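File shown: query.cif (mmCIF, N, CA and C atoms).
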data_input
#
loop_
_atom_site.label_atom_id
_atom_site.label_comp_id
_atom_site.auth_asym_id
_atom_site.auth_seq_id
_atom_site.Cartn_x
_atom_site.Cartn_y
_atom_site.Cartn_z
N MET A 1 15.15 216.46 124.86
CA MET A 1 16.01 215.63 125.67
C MET A 1 16.85 216.53 126.57
N THR A 2 16.95 216.17 127.86
CA THR A 2 17.70 216.99 128.79
C THR A 2 19.16 216.55 128.84
N ALA A 3 20.01 217.53 129.10
CA ALA A 3 21.44 217.24 129.21
C ALA A 3 21.70 216.53 130.52
N PRO A 4 22.67 215.65 130.56
CA PRO A 4 22.98 214.97 131.83
C PRO A 4 23.50 215.98 132.84
N ALA A 5 23.21 215.70 134.12
CA ALA A 5 23.68 216.58 135.19
C ALA A 5 25.20 216.53 135.23
N PRO A 6 25.84 217.68 135.52
CA PRO A 6 27.30 217.67 135.60
C PRO A 6 27.75 216.80 136.77
N ASP A 7 28.93 216.22 136.63
CA ASP A 7 29.48 215.41 137.71
C ASP A 7 29.71 216.31 138.92
N PRO A 8 29.35 215.83 140.12
CA PRO A 8 29.60 216.63 141.31
C PRO A 8 31.10 216.75 141.55
N VAL A 9 31.49 217.82 142.17
CA VAL A 9 32.89 218.03 142.50
C VAL A 9 33.16 217.27 143.79
N GLU A 10 34.01 216.28 143.70
CA GLU A 10 34.35 215.48 144.87
C GLU A 10 35.60 216.05 145.53
N PRO A 11 35.71 215.91 146.86
CA PRO A 11 36.93 216.36 147.52
C PRO A 11 38.12 215.58 146.99
N PRO A 12 39.31 216.19 146.97
CA PRO A 12 40.48 215.47 146.46
C PRO A 12 40.75 214.23 147.29
N ALA A 13 41.27 213.23 146.65
CA ALA A 13 41.62 211.99 147.35
C ALA A 13 42.78 212.24 148.29
N GLU A 14 42.83 211.47 149.35
CA GLU A 14 43.92 211.59 150.30
C GLU A 14 45.19 211.05 149.68
N PRO A 15 46.28 211.83 149.69
CA PRO A 15 47.52 211.35 149.07
C PRO A 15 48.18 210.25 149.91
N ASP A 16 49.00 209.45 149.25
CA ASP A 16 49.74 208.40 149.96
C ASP A 16 50.91 209.00 150.73
N ASP A 17 51.46 210.09 150.23
CA ASP A 17 52.65 210.71 150.81
C ASP A 17 52.29 212.07 151.38
N TRP A 18 52.44 212.22 152.70
CA TRP A 18 52.13 213.49 153.37
C TRP A 18 53.40 214.29 153.68
N SER A 19 54.52 213.87 153.16
CA SER A 19 55.79 214.48 153.56
C SER A 19 55.84 215.98 153.26
N GLU A 20 55.24 216.40 152.16
CA GLU A 20 55.25 217.83 151.83
C GLU A 20 54.50 218.64 152.89
N GLU A 21 53.34 218.15 153.30
CA GLU A 21 52.55 218.84 154.31
C GLU A 21 53.27 218.84 155.66
N LEU A 22 53.86 217.71 156.03
CA LEU A 22 54.56 217.62 157.31
C LEU A 22 55.80 218.51 157.33
N THR A 23 56.50 218.62 156.20
CA THR A 23 57.63 219.53 156.10
C THR A 23 57.16 220.98 156.25
N ALA A 24 56.03 221.30 155.62
CA ALA A 24 55.47 222.65 155.74
C ALA A 24 55.06 222.95 157.18
N VAL A 25 54.52 221.98 157.89
CA VAL A 25 54.18 222.17 159.31
C VAL A 25 55.44 222.51 160.08
N GLU A 26 56.51 221.75 159.85
CA GLU A 26 57.77 222.00 160.55
C GLU A 26 58.29 223.41 160.28
N MET A 27 58.21 223.85 159.03
CA MET A 27 58.67 225.20 158.68
C MET A 27 57.82 226.27 159.36
N GLU A 28 56.51 226.04 159.41
CA GLU A 28 55.62 227.00 160.07
C GLU A 28 55.91 227.08 161.57
N LEU A 29 56.19 225.94 162.19
CA LEU A 29 56.52 225.94 163.62
C LEU A 29 57.79 226.74 163.87
N GLN A 30 58.78 226.59 162.99
CA GLN A 30 60.01 227.38 163.12
C GLN A 30 59.72 228.87 162.96
N ARG A 31 58.87 229.21 161.98
CA ARG A 31 58.52 230.62 161.75
C ARG A 31 57.84 231.22 162.98
N LEU A 32 56.98 230.42 163.60
CA LEU A 32 56.25 230.89 164.77
C LEU A 32 57.11 230.94 166.03
N GLY A 33 58.23 230.21 166.01
CA GLY A 33 59.08 230.15 167.19
C GLY A 33 58.56 229.16 168.23
N TRP A 34 57.78 228.19 167.78
CA TRP A 34 57.24 227.18 168.70
C TRP A 34 58.21 226.01 168.81
N ASP A 35 58.51 225.61 170.05
CA ASP A 35 59.28 224.40 170.28
C ASP A 35 58.30 223.23 170.43
N ARG A 36 58.81 222.04 170.73
CA ARG A 36 57.95 220.85 170.85
C ARG A 36 56.93 221.02 171.98
N GLU A 37 57.34 221.68 173.06
CA GLU A 37 56.40 221.89 174.18
C GLU A 37 55.26 222.81 173.77
N SER A 38 55.57 223.89 173.04
CA SER A 38 54.53 224.81 172.56
C SER A 38 53.59 224.09 171.60
N GLU A 39 54.18 223.32 170.68
CA GLU A 39 53.35 222.57 169.75
C GLU A 39 52.47 221.58 170.49
N GLY A 40 53.04 220.90 171.49
CA GLY A 40 52.28 219.94 172.28
C GLY A 40 51.10 220.58 172.99
N THR A 41 51.31 221.79 173.50
CA THR A 41 50.22 222.52 174.16
C THR A 41 49.09 222.76 173.19
N TYR A 42 49.43 223.20 171.99
CA TYR A 42 48.40 223.47 171.00
C TYR A 42 47.71 222.18 170.54
N LEU A 43 48.50 221.15 170.24
CA LEU A 43 47.92 219.89 169.76
C LEU A 43 46.99 219.28 170.80
N GLN A 44 47.34 219.40 172.07
CA GLN A 44 46.47 218.88 173.12
C GLN A 44 45.12 219.59 173.09
N ARG A 45 45.14 220.90 172.94
CA ARG A 45 43.89 221.68 172.87
C ARG A 45 43.08 221.32 171.63
N ALA A 46 43.75 221.21 170.49
CA ALA A 46 43.05 221.05 169.22
C ALA A 46 42.65 219.61 168.91
N PHE A 47 43.49 218.65 169.30
CA PHE A 47 43.28 217.27 168.87
C PHE A 47 43.21 216.27 170.01
N GLY A 48 43.41 216.73 171.24
CA GLY A 48 43.28 215.84 172.39
C GLY A 48 44.50 215.00 172.69
N HIS A 49 45.63 215.33 172.06
CA HIS A 49 46.89 214.64 172.35
C HIS A 49 48.03 215.59 172.00
N PRO A 50 49.18 215.45 172.70
CA PRO A 50 50.26 216.44 172.53
C PRO A 50 51.31 216.09 171.47
N SER A 51 51.04 215.12 170.60
CA SER A 51 52.07 214.69 169.66
C SER A 51 51.59 214.74 168.22
N ARG A 52 52.37 215.36 167.36
CA ARG A 52 52.06 215.42 165.93
C ARG A 52 52.03 214.02 165.32
N SER A 53 52.81 213.10 165.85
CA SER A 53 52.83 211.74 165.31
C SER A 53 51.49 211.03 165.48
N ARG A 54 50.62 211.57 166.32
CA ARG A 54 49.30 210.96 166.51
C ARG A 54 48.25 211.58 165.59
N LEU A 55 48.65 212.49 164.72
CA LEU A 55 47.73 213.00 163.70
C LEU A 55 47.73 211.97 162.58
N VAL A 56 46.73 211.12 162.56
CA VAL A 56 46.68 210.02 161.60
C VAL A 56 45.66 210.27 160.50
N ASN A 57 45.03 211.42 160.53
CA ASN A 57 44.03 211.78 159.54
C ASN A 57 44.60 212.91 158.69
N TYR A 58 44.67 212.71 157.39
CA TYR A 58 45.24 213.72 156.49
C TYR A 58 44.51 215.06 156.63
N ALA A 59 43.19 215.02 156.76
CA ALA A 59 42.42 216.26 156.89
C ALA A 59 42.84 217.05 158.13
N ASP A 60 43.18 216.35 159.22
CA ASP A 60 43.65 217.04 160.42
C ASP A 60 44.99 217.72 160.19
N VAL A 61 45.89 217.04 159.46
CA VAL A 61 47.20 217.63 159.15
C VAL A 61 47.00 218.89 158.31
N VAL A 62 46.13 218.83 157.32
CA VAL A 62 45.88 219.98 156.46
C VAL A 62 45.24 221.12 157.25
N SER A 63 44.29 220.82 158.12
CA SER A 63 43.66 221.85 158.95
C SER A 63 44.69 222.51 159.86
N TYR A 64 45.54 221.69 160.46
CA TYR A 64 46.60 222.18 161.33
C TYR A 64 47.53 223.11 160.57
N LEU A 65 47.96 222.70 159.38
CA LEU A 65 48.85 223.52 158.56
C LEU A 65 48.19 224.84 158.17
N LYS A 66 46.93 224.80 157.76
CA LYS A 66 46.23 226.04 157.38
C LYS A 66 46.19 227.02 158.54
N LEU A 67 45.91 226.50 159.73
CA LEU A 67 45.84 227.38 160.88
C LEU A 67 47.21 227.96 161.21
N LEU A 68 48.25 227.12 161.19
CA LEU A 68 49.60 227.61 161.48
C LEU A 68 49.98 228.74 160.54
N ARG A 69 49.62 228.62 159.28
CA ARG A 69 49.97 229.65 158.29
C ARG A 69 49.32 230.99 158.58
N ARG A 70 48.22 230.99 159.30
CA ARG A 70 47.52 232.24 159.60
C ARG A 70 48.02 232.92 160.87
N LEU A 71 48.83 232.22 161.65
CA LEU A 71 49.28 232.77 162.93
C LEU A 71 50.49 233.68 162.76
N GLU A 72 50.62 234.59 163.69
CA GLU A 72 51.77 235.50 163.71
C GLU A 72 52.87 234.90 164.58
N PRO A 73 54.14 235.17 164.24
CA PRO A 73 55.24 234.68 165.08
C PRO A 73 55.04 235.11 166.54
N GLY A 74 55.34 234.19 167.44
CA GLY A 74 55.19 234.47 168.86
C GLY A 74 53.80 234.23 169.39
N ALA A 75 52.88 233.76 168.56
CA ALA A 75 51.51 233.50 169.01
C ALA A 75 51.52 232.49 170.16
N ASP A 76 50.64 232.69 171.12
CA ASP A 76 50.55 231.83 172.29
C ASP A 76 49.76 230.56 171.95
N PRO A 77 50.39 229.39 172.00
CA PRO A 77 49.69 228.16 171.64
C PRO A 77 48.53 227.83 172.58
N ALA A 78 48.53 228.40 173.75
CA ALA A 78 47.44 228.15 174.70
C ALA A 78 46.23 229.04 174.44
N ALA A 79 46.38 230.01 173.51
CA ALA A 79 45.29 230.97 173.31
C ALA A 79 44.82 231.10 171.86
N VAL A 80 45.58 230.59 170.89
CA VAL A 80 45.20 230.77 169.48
C VAL A 80 43.97 229.94 169.13
N ALA A 81 43.34 230.31 168.03
CA ALA A 81 42.14 229.61 167.57
C ALA A 81 42.45 228.15 167.24
N LEU A 82 41.42 227.33 167.29
CA LEU A 82 41.55 225.92 166.95
C LEU A 82 41.16 225.72 165.49
N PRO A 83 41.73 224.72 164.82
CA PRO A 83 41.41 224.51 163.40
C PRO A 83 40.00 223.96 163.21
N LEU A 84 39.47 224.19 162.01
CA LEU A 84 38.21 223.56 161.64
C LEU A 84 38.47 222.08 161.44
N ARG A 85 37.63 221.25 162.05
CA ARG A 85 37.77 219.81 161.89
C ARG A 85 36.49 219.28 161.28
N ARG A 86 36.64 218.66 160.14
CA ARG A 86 35.48 218.21 159.36
C ARG A 86 34.50 217.35 160.16
N PRO A 87 34.96 216.36 160.93
CA PRO A 87 33.99 215.56 161.69
C PRO A 87 33.16 216.41 162.66
N ASP A 88 33.80 217.41 163.27
CA ASP A 88 33.08 218.30 164.18
C ASP A 88 32.06 219.14 163.42
N LEU A 89 32.45 219.62 162.24
CA LEU A 89 31.53 220.41 161.42
C LEU A 89 30.32 219.59 160.98
N LEU A 90 30.56 218.34 160.58
CA LEU A 90 29.46 217.47 160.16
C LEU A 90 28.55 217.13 161.33
N SER A 91 29.13 216.89 162.48
CA SER A 91 28.34 216.58 163.67
C SER A 91 27.47 217.77 164.06
N CYS A 92 28.04 218.96 164.02
CA CYS A 92 27.28 220.18 164.31
C CYS A 92 26.14 220.34 163.31
N CYS A 93 26.42 220.07 162.05
CA CYS A 93 25.42 220.18 161.00
C CYS A 93 24.27 219.22 161.28
N ASP A 94 24.59 217.98 161.64
CA ASP A 94 23.56 216.98 161.95
C ASP A 94 22.68 217.48 163.10
N GLU A 95 23.33 218.04 164.11
CA GLU A 95 22.59 218.54 165.28
C GLU A 95 21.66 219.68 164.88
N LEU A 96 22.15 220.62 164.07
CA LEU A 96 21.33 221.75 163.64
C LEU A 96 20.16 221.29 162.78
N LEU A 97 20.41 220.36 161.87
CA LEU A 97 19.33 219.84 161.02
C LEU A 97 18.27 219.16 161.88
N GLY A 98 18.71 218.45 162.93
CA GLY A 98 17.77 217.81 163.84
C GLY A 98 16.94 218.82 164.61
N GLN A 99 17.59 219.89 165.08
CA GLN A 99 16.87 220.94 165.81
C GLN A 99 15.85 221.63 164.91
N LEU A 100 16.21 221.78 163.65
CA LEU A 100 15.28 222.40 162.70
C LEU A 100 14.18 221.42 162.27
N GLN A 101 14.38 220.15 162.55
CA GLN A 101 13.48 219.08 162.12
C GLN A 101 13.34 219.05 160.60
N TRP A 102 14.50 219.22 159.96
CA TRP A 102 14.55 219.20 158.50
C TRP A 102 14.87 217.79 158.03
N GLY A 103 14.22 217.39 156.96
CA GLY A 103 14.55 216.14 156.29
C GLY A 103 15.69 216.38 155.31
N ALA A 104 16.13 215.30 154.70
CA ALA A 104 17.24 215.38 153.74
C ALA A 104 16.92 216.33 152.59
N ALA A 105 15.66 216.34 152.14
CA ALA A 105 15.29 217.18 150.99
C ALA A 105 15.45 218.66 151.30
N GLN A 106 15.09 219.08 152.52
CA GLN A 106 15.23 220.50 152.86
C GLN A 106 16.70 220.90 152.95
N GLY A 107 17.52 220.07 153.57
CA GLY A 107 18.95 220.36 153.65
C GLY A 107 19.59 220.41 152.27
N ARG A 108 19.21 219.46 151.42
CA ARG A 108 19.76 219.41 150.06
C ARG A 108 19.34 220.65 149.26
N ALA A 109 18.10 221.10 149.46
CA ALA A 109 17.63 222.29 148.73
C ALA A 109 18.47 223.51 149.10
N LEU A 110 18.79 223.67 150.38
CA LEU A 110 19.62 224.80 150.80
C LEU A 110 21.03 224.67 150.25
N LEU A 111 21.57 223.46 150.26
CA LEU A 111 22.90 223.23 149.68
C LEU A 111 22.93 223.61 148.20
N GLU A 112 21.92 223.17 147.46
CA GLU A 112 21.89 223.46 146.03
C GLU A 112 21.69 224.94 145.77
N GLU A 113 20.83 225.57 146.57
CA GLU A 113 20.56 227.00 146.38
C GLU A 113 21.80 227.85 146.67
N ARG A 114 22.49 227.57 147.78
CA ARG A 114 23.58 228.42 148.22
C ARG A 114 24.95 228.04 147.66
N PHE A 115 25.15 226.74 147.40
CA PHE A 115 26.48 226.27 147.01
C PHE A 115 26.51 225.52 145.69
N GLY A 116 25.35 225.24 145.12
CA GLY A 116 25.30 224.48 143.88
C GLY A 116 25.77 223.04 144.05
N ARG A 117 25.61 222.50 145.23
CA ARG A 117 26.04 221.13 145.54
C ARG A 117 24.86 220.34 146.10
N ALA A 118 24.89 219.02 145.90
CA ALA A 118 23.81 218.16 146.37
C ALA A 118 24.14 217.46 147.68
N SER A 119 25.38 217.56 148.13
CA SER A 119 25.81 216.84 149.32
C SER A 119 26.78 217.68 150.14
N ARG A 120 26.71 217.53 151.46
CA ARG A 120 27.66 218.23 152.34
C ARG A 120 29.08 217.75 152.09
N GLN A 121 29.23 216.50 151.66
CA GLN A 121 30.56 215.95 151.41
C GLN A 121 31.28 216.69 150.29
N GLN A 122 30.53 217.38 149.45
CA GLN A 122 31.12 218.11 148.33
C GLN A 122 31.59 219.51 148.73
N LEU A 123 31.34 219.92 149.97
CA LEU A 123 31.73 221.24 150.43
C LEU A 123 33.12 221.21 151.04
N SER A 124 33.84 222.33 150.91
CA SER A 124 35.10 222.48 151.63
C SER A 124 34.76 222.69 153.11
N ASP A 125 35.76 222.62 153.97
CA ASP A 125 35.51 222.85 155.39
C ASP A 125 34.95 224.25 155.63
N GLU A 126 35.48 225.24 154.90
CA GLU A 126 35.01 226.60 155.06
C GLU A 126 33.55 226.73 154.62
N GLN A 127 33.19 226.06 153.52
CA GLN A 127 31.81 226.08 153.05
C GLN A 127 30.89 225.35 154.02
N LEU A 128 31.38 224.29 154.60
CA LEU A 128 30.59 223.54 155.58
C LEU A 128 30.34 224.40 156.81
N LEU A 129 31.33 225.16 157.23
CA LEU A 129 31.14 226.10 158.33
C LEU A 129 30.08 227.13 157.96
N GLU A 130 30.15 227.65 156.75
CA GLU A 130 29.17 228.62 156.28
C GLU A 130 27.77 228.01 156.23
N PHE A 131 27.67 226.76 155.80
CA PHE A 131 26.38 226.06 155.78
C PHE A 131 25.82 225.95 157.20
N ASN A 132 26.68 225.59 158.16
CA ASN A 132 26.24 225.52 159.56
C ASN A 132 25.74 226.88 160.05
N GLN A 133 26.41 227.94 159.64
CA GLN A 133 25.97 229.29 160.04
C GLN A 133 24.61 229.60 159.44
N LEU A 134 24.39 229.18 158.20
CA LEU A 134 23.07 229.37 157.58
C LEU A 134 22.00 228.61 158.35
N LEU A 135 22.31 227.39 158.77
CA LEU A 135 21.36 226.60 159.55
C LEU A 135 21.08 227.26 160.90
N GLU A 136 22.12 227.82 161.53
CA GLU A 136 21.93 228.53 162.80
C GLU A 136 21.02 229.74 162.62
N GLU A 137 21.20 230.46 161.51
CA GLU A 137 20.33 231.60 161.22
C GLU A 137 18.88 231.15 161.06
N GLN A 138 18.67 230.02 160.38
CA GLN A 138 17.32 229.49 160.22
C GLN A 138 16.72 229.15 161.58
N LEU A 139 17.52 228.55 162.44
CA LEU A 139 17.06 228.16 163.77
C LEU A 139 16.71 229.40 164.60
N LEU A 140 17.55 230.41 164.52
CA LEU A 140 17.28 231.65 165.26
C LEU A 140 16.02 232.35 164.76
N SER A 141 15.79 232.32 163.45
CA SER A 141 14.60 232.97 162.91
C SER A 141 13.33 232.23 163.34
N LEU A 142 13.41 230.92 163.53
CA LEU A 142 12.26 230.16 164.03
C LEU A 142 11.94 230.48 165.48
N ARG A 143 12.99 230.77 166.23
CA ARG A 143 12.83 231.05 167.68
C ARG A 143 12.41 232.47 167.95
N SER A 144 12.52 233.35 166.96
CA SER A 144 12.17 234.77 167.15
C SER A 144 10.70 234.99 167.14
#
As structure tokens:
Amino acid sequence: MTAPAPDPVEPPAEPDDWSEELTAVEMELQRLGWDRESEGTYLQRAFGHPSRSRLVNYADVVSYLKLLRRLEPGADPAAVALPLRRPDLLSCCDELLGQLQWGAAQGRALLEERFGRASRQQLSDEQLLEFNQLLEEQLLSLRS
């Protein structure tokens, strides 16, 4: 008799209260020396609007906070890197899988081999980026 498969690791549920994350964003902005105009410049580049109040997706707030924490004080909001956004990563993944002409089974096999997961939804944003890079490598090797 075989043992049951372990439960997949699901991403954490979105909390009802984001106040801790929003307070941390405010503290990071102070550390960086960014005023509302600087923040607006960055938010326009990263999210297509200049106001933090229009960040209505918890994942976007978390991505924004992670990026702010990596920046050095005085960083130029018009030039710093943009955060990883899960919908963009998934869309890129879909496009790469299509270019490779891979079915679900081939994508799942690579996920299981490299990450021990059966679904892209079980990956962190960083792992999803890494998965996309693996797919790009596969595509490049086919074109060589």
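Atom N of A:Arg36 to atom N of A:Ser53 spans 11.8 Å [interatomic distance, one decimal].
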Atomic separation - atom C of A:Arg143 relative to atom CA of A:Leu111, Å: 23.0 Å
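For the pair atom CA of A:Glu72 and atom CA of A:Leu32, the interatomic distance is 6.5 Å.
Of the residues listed (A:Val56, A:Leu139, A:Leu128, A:Met27), A:Leu139 shows the shortest atom-to-atom separation from A:Trp102; distances use only C-alpha atoms.
Considering the residues A:Gln44, A:Gln106, A:Ser141, A:Asn132 and counting only C-alpha atoms, A:Asp94 has its shortest atom-to-atom contact with A:Asn132.
Shortest atom-to-atom contact with A:Leu84 among A:Glu113, A:Gly48, A:Tyr64, A:Gln127: A:Tyr64, counting only N, CA and C atoms.
You can rank A:Leu129, A:Ala78, A:Leu68, A:Ala118 by their closest distance to A:Leu90 using all atoms listed in the file, and at the top of that list sits A:Leu129.
If you measure from each of A:Ala81, A:Ser124, A:Leu65, A:His49 to A:Ala24 using only N, CA and C atoms, the closest one turns out to be A:Leu65.
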Picked residues, the PyMOL selection byres (((chain A and resi 82 and name CA) around 8) and name CA), expected as a PyMOL selection string: chain A and resi 45-46+67+80-81+83-84
Expected selection from the PyMOL selection byres (((chain A and resi 92 and name CA) around 12) and name CA), given as a tab-separated table (two decimals) with N, CA and C atoms, in the coordinates of the input:
chain	number	residue	atom	x	y	z
A	84	LEU	N	39.47	224.19	162.01
A	84	LEU	CA	38.21	223.56	161.64
A	84	LEU	C	38.47	222.08	161.44
A	85	ARG	N	37.63	221.25	162.05
A	85	ARG	CA	37.77	219.81	161.89
A	85	ARG	C	36.49	219.28	161.28
A	86	ARG	N	36.64	218.66	160.14
A	86	ARG	CA	35.48	218.21	159.36
A	86	ARG	C	34.50	217.35	160.16
A	87	PRO	N	34.96	216.36	160.93
A	87	PRO	CA	33.99	215.56	161.69
A	87	PRO	C	33.16	216.41	162.66
A	88	ASP	N	33.80	217.41	163.27
A	88	ASP	CA	33.08	218.30	164.18
A	88	ASP	C	32.06	219.14	163.42
A	89	LEU	N	32.45	219.62	162.24
A	89	LEU	CA	31.53	220.41	161.42
A	89	LEU	C	30.32	219.59	160.98
A	90	LEU	N	30.56	218.34	160.58
A	90	LEU	CA	29.46	217.47	160.16
A	90	LEU	C	28.55	217.13	161.33
A	91	SER	N	29.13	216.89	162.48
A	91	SER	CA	28.34	216.58	163.67
A	91	SER	C	27.47	217.77	164.06
A	93	CYS	N	26.42	220.07	162.05
A	93	CYS	CA	25.42	220.18	161.00
A	93	CYS	C	24.27	219.22	161.28
A	94	ASP	N	24.59	217.98	161.64
A	94	ASP	CA	23.56	216.98	161.95
A	94	ASP	C	22.68	217.48	163.10
A	95	GLU	N	23.33	218.04	164.11
A	95	GLU	CA	22.59	218.54	165.28
A	95	GLU	C	21.66	219.68	164.88
A	96	LEU	N	22.15	220.62	164.07
A	96	LEU	CA	21.33	221.75	163.64
A	96	LEU	C	20.16	221.29	162.78
A	97	LEU	N	20.41	220.36	161.87
A	97	LEU	CA	19.33	219.84	161.02
A	97	LEU	C	18.27	219.16	161.88
A	98	GLY	N	18.71	218.45	162.93
A	98	GLY	CA	17.77	217.81	163.84
A	98	GLY	C	16.94	218.82	164.61
A	99	GLN	N	17.59	219.89	165.08
A	99	GLN	CA	16.87	220.94	165.81
A	99	GLN	C	15.85	221.63	164.91
A	128	LEU	N	31.38	224.29	154.60
A	128	LEU	CA	30.59	223.54	155.58
A	128	LEU	C	30.34	224.40	156.81
A	129	LEU	N	31.33	225.16	157.23
A	129	LEU	CA	31.14	226.10	158.33
A	129	LEU	C	30.08	227.13	157.96
A	130	GLU	N	30.15	227.65	156.75
A	130	GLU	CA	29.17	228.62	156.28
A	130	GLU	C	27.77	228.01	156.23
A	131	PHE	N	27.67	226.76	155.80
A	131	PHE	CA	26.38	226.06	155.78
A	131	PHE	C	25.82	225.95	157.20
A	132	ASN	N	26.68	225.59	158.16
A	132	ASN	CA	26.24	225.52	159.56
A	132	ASN	C	25.74	226.88	160.05
A	133	GLN	N	26.41	227.94	159.64
A	133	GLN	CA	25.97	229.29	160.04
A	133	GLN	C	24.61	229.60	159.44
A	135	LEU	N	22.31	227.39	158.77
A	135	LEU	CA	21.36	226.60	159.55
A	135	LEU	C	21.08	227.26	160.90
A	136	GLU	N	22.12	227.82	161.53
A	136	GLU	CA	21.93	228.53	162.80
A	136	GLU	C	21.02	229.74	162.62
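Look at A:Trp34: the protein and nucleic acid residues within 9 Å of it, using only C-alpha atoms and passing over chain neighbours fewer than 4 places away, are Glu28, Leu29, Gln30, Ser38, Glu39, Pro73, Gly74, Ala75, Asp76 and Pro77 of chain A.
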Alpha helix (DSSP H) call set, DSSP backbone run, stretch 50-141 of chain A, as a ChimeraX atom specification: /A:58-70,86-100,104-115,125-141
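Between A:Pro50 and the candidates A:Glu126, A:Glu112, A:Glu37, A:Asp16, the tightest atom-to-atom separation, counting only C-alpha atoms, involves A:Glu37.
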Given 5 Å of margin on each side, can you work out the centre and size in Å (one decimal) of an axis-aligned box holding every listed atom of stretch 113-121 of chain A, as lines of an AutoDock Vina configuration file?
center_x = 25.9
center_y = 222.2
center_z = 148.1
size_x = 20.7
size_y = 22.5
size_z = 18.5
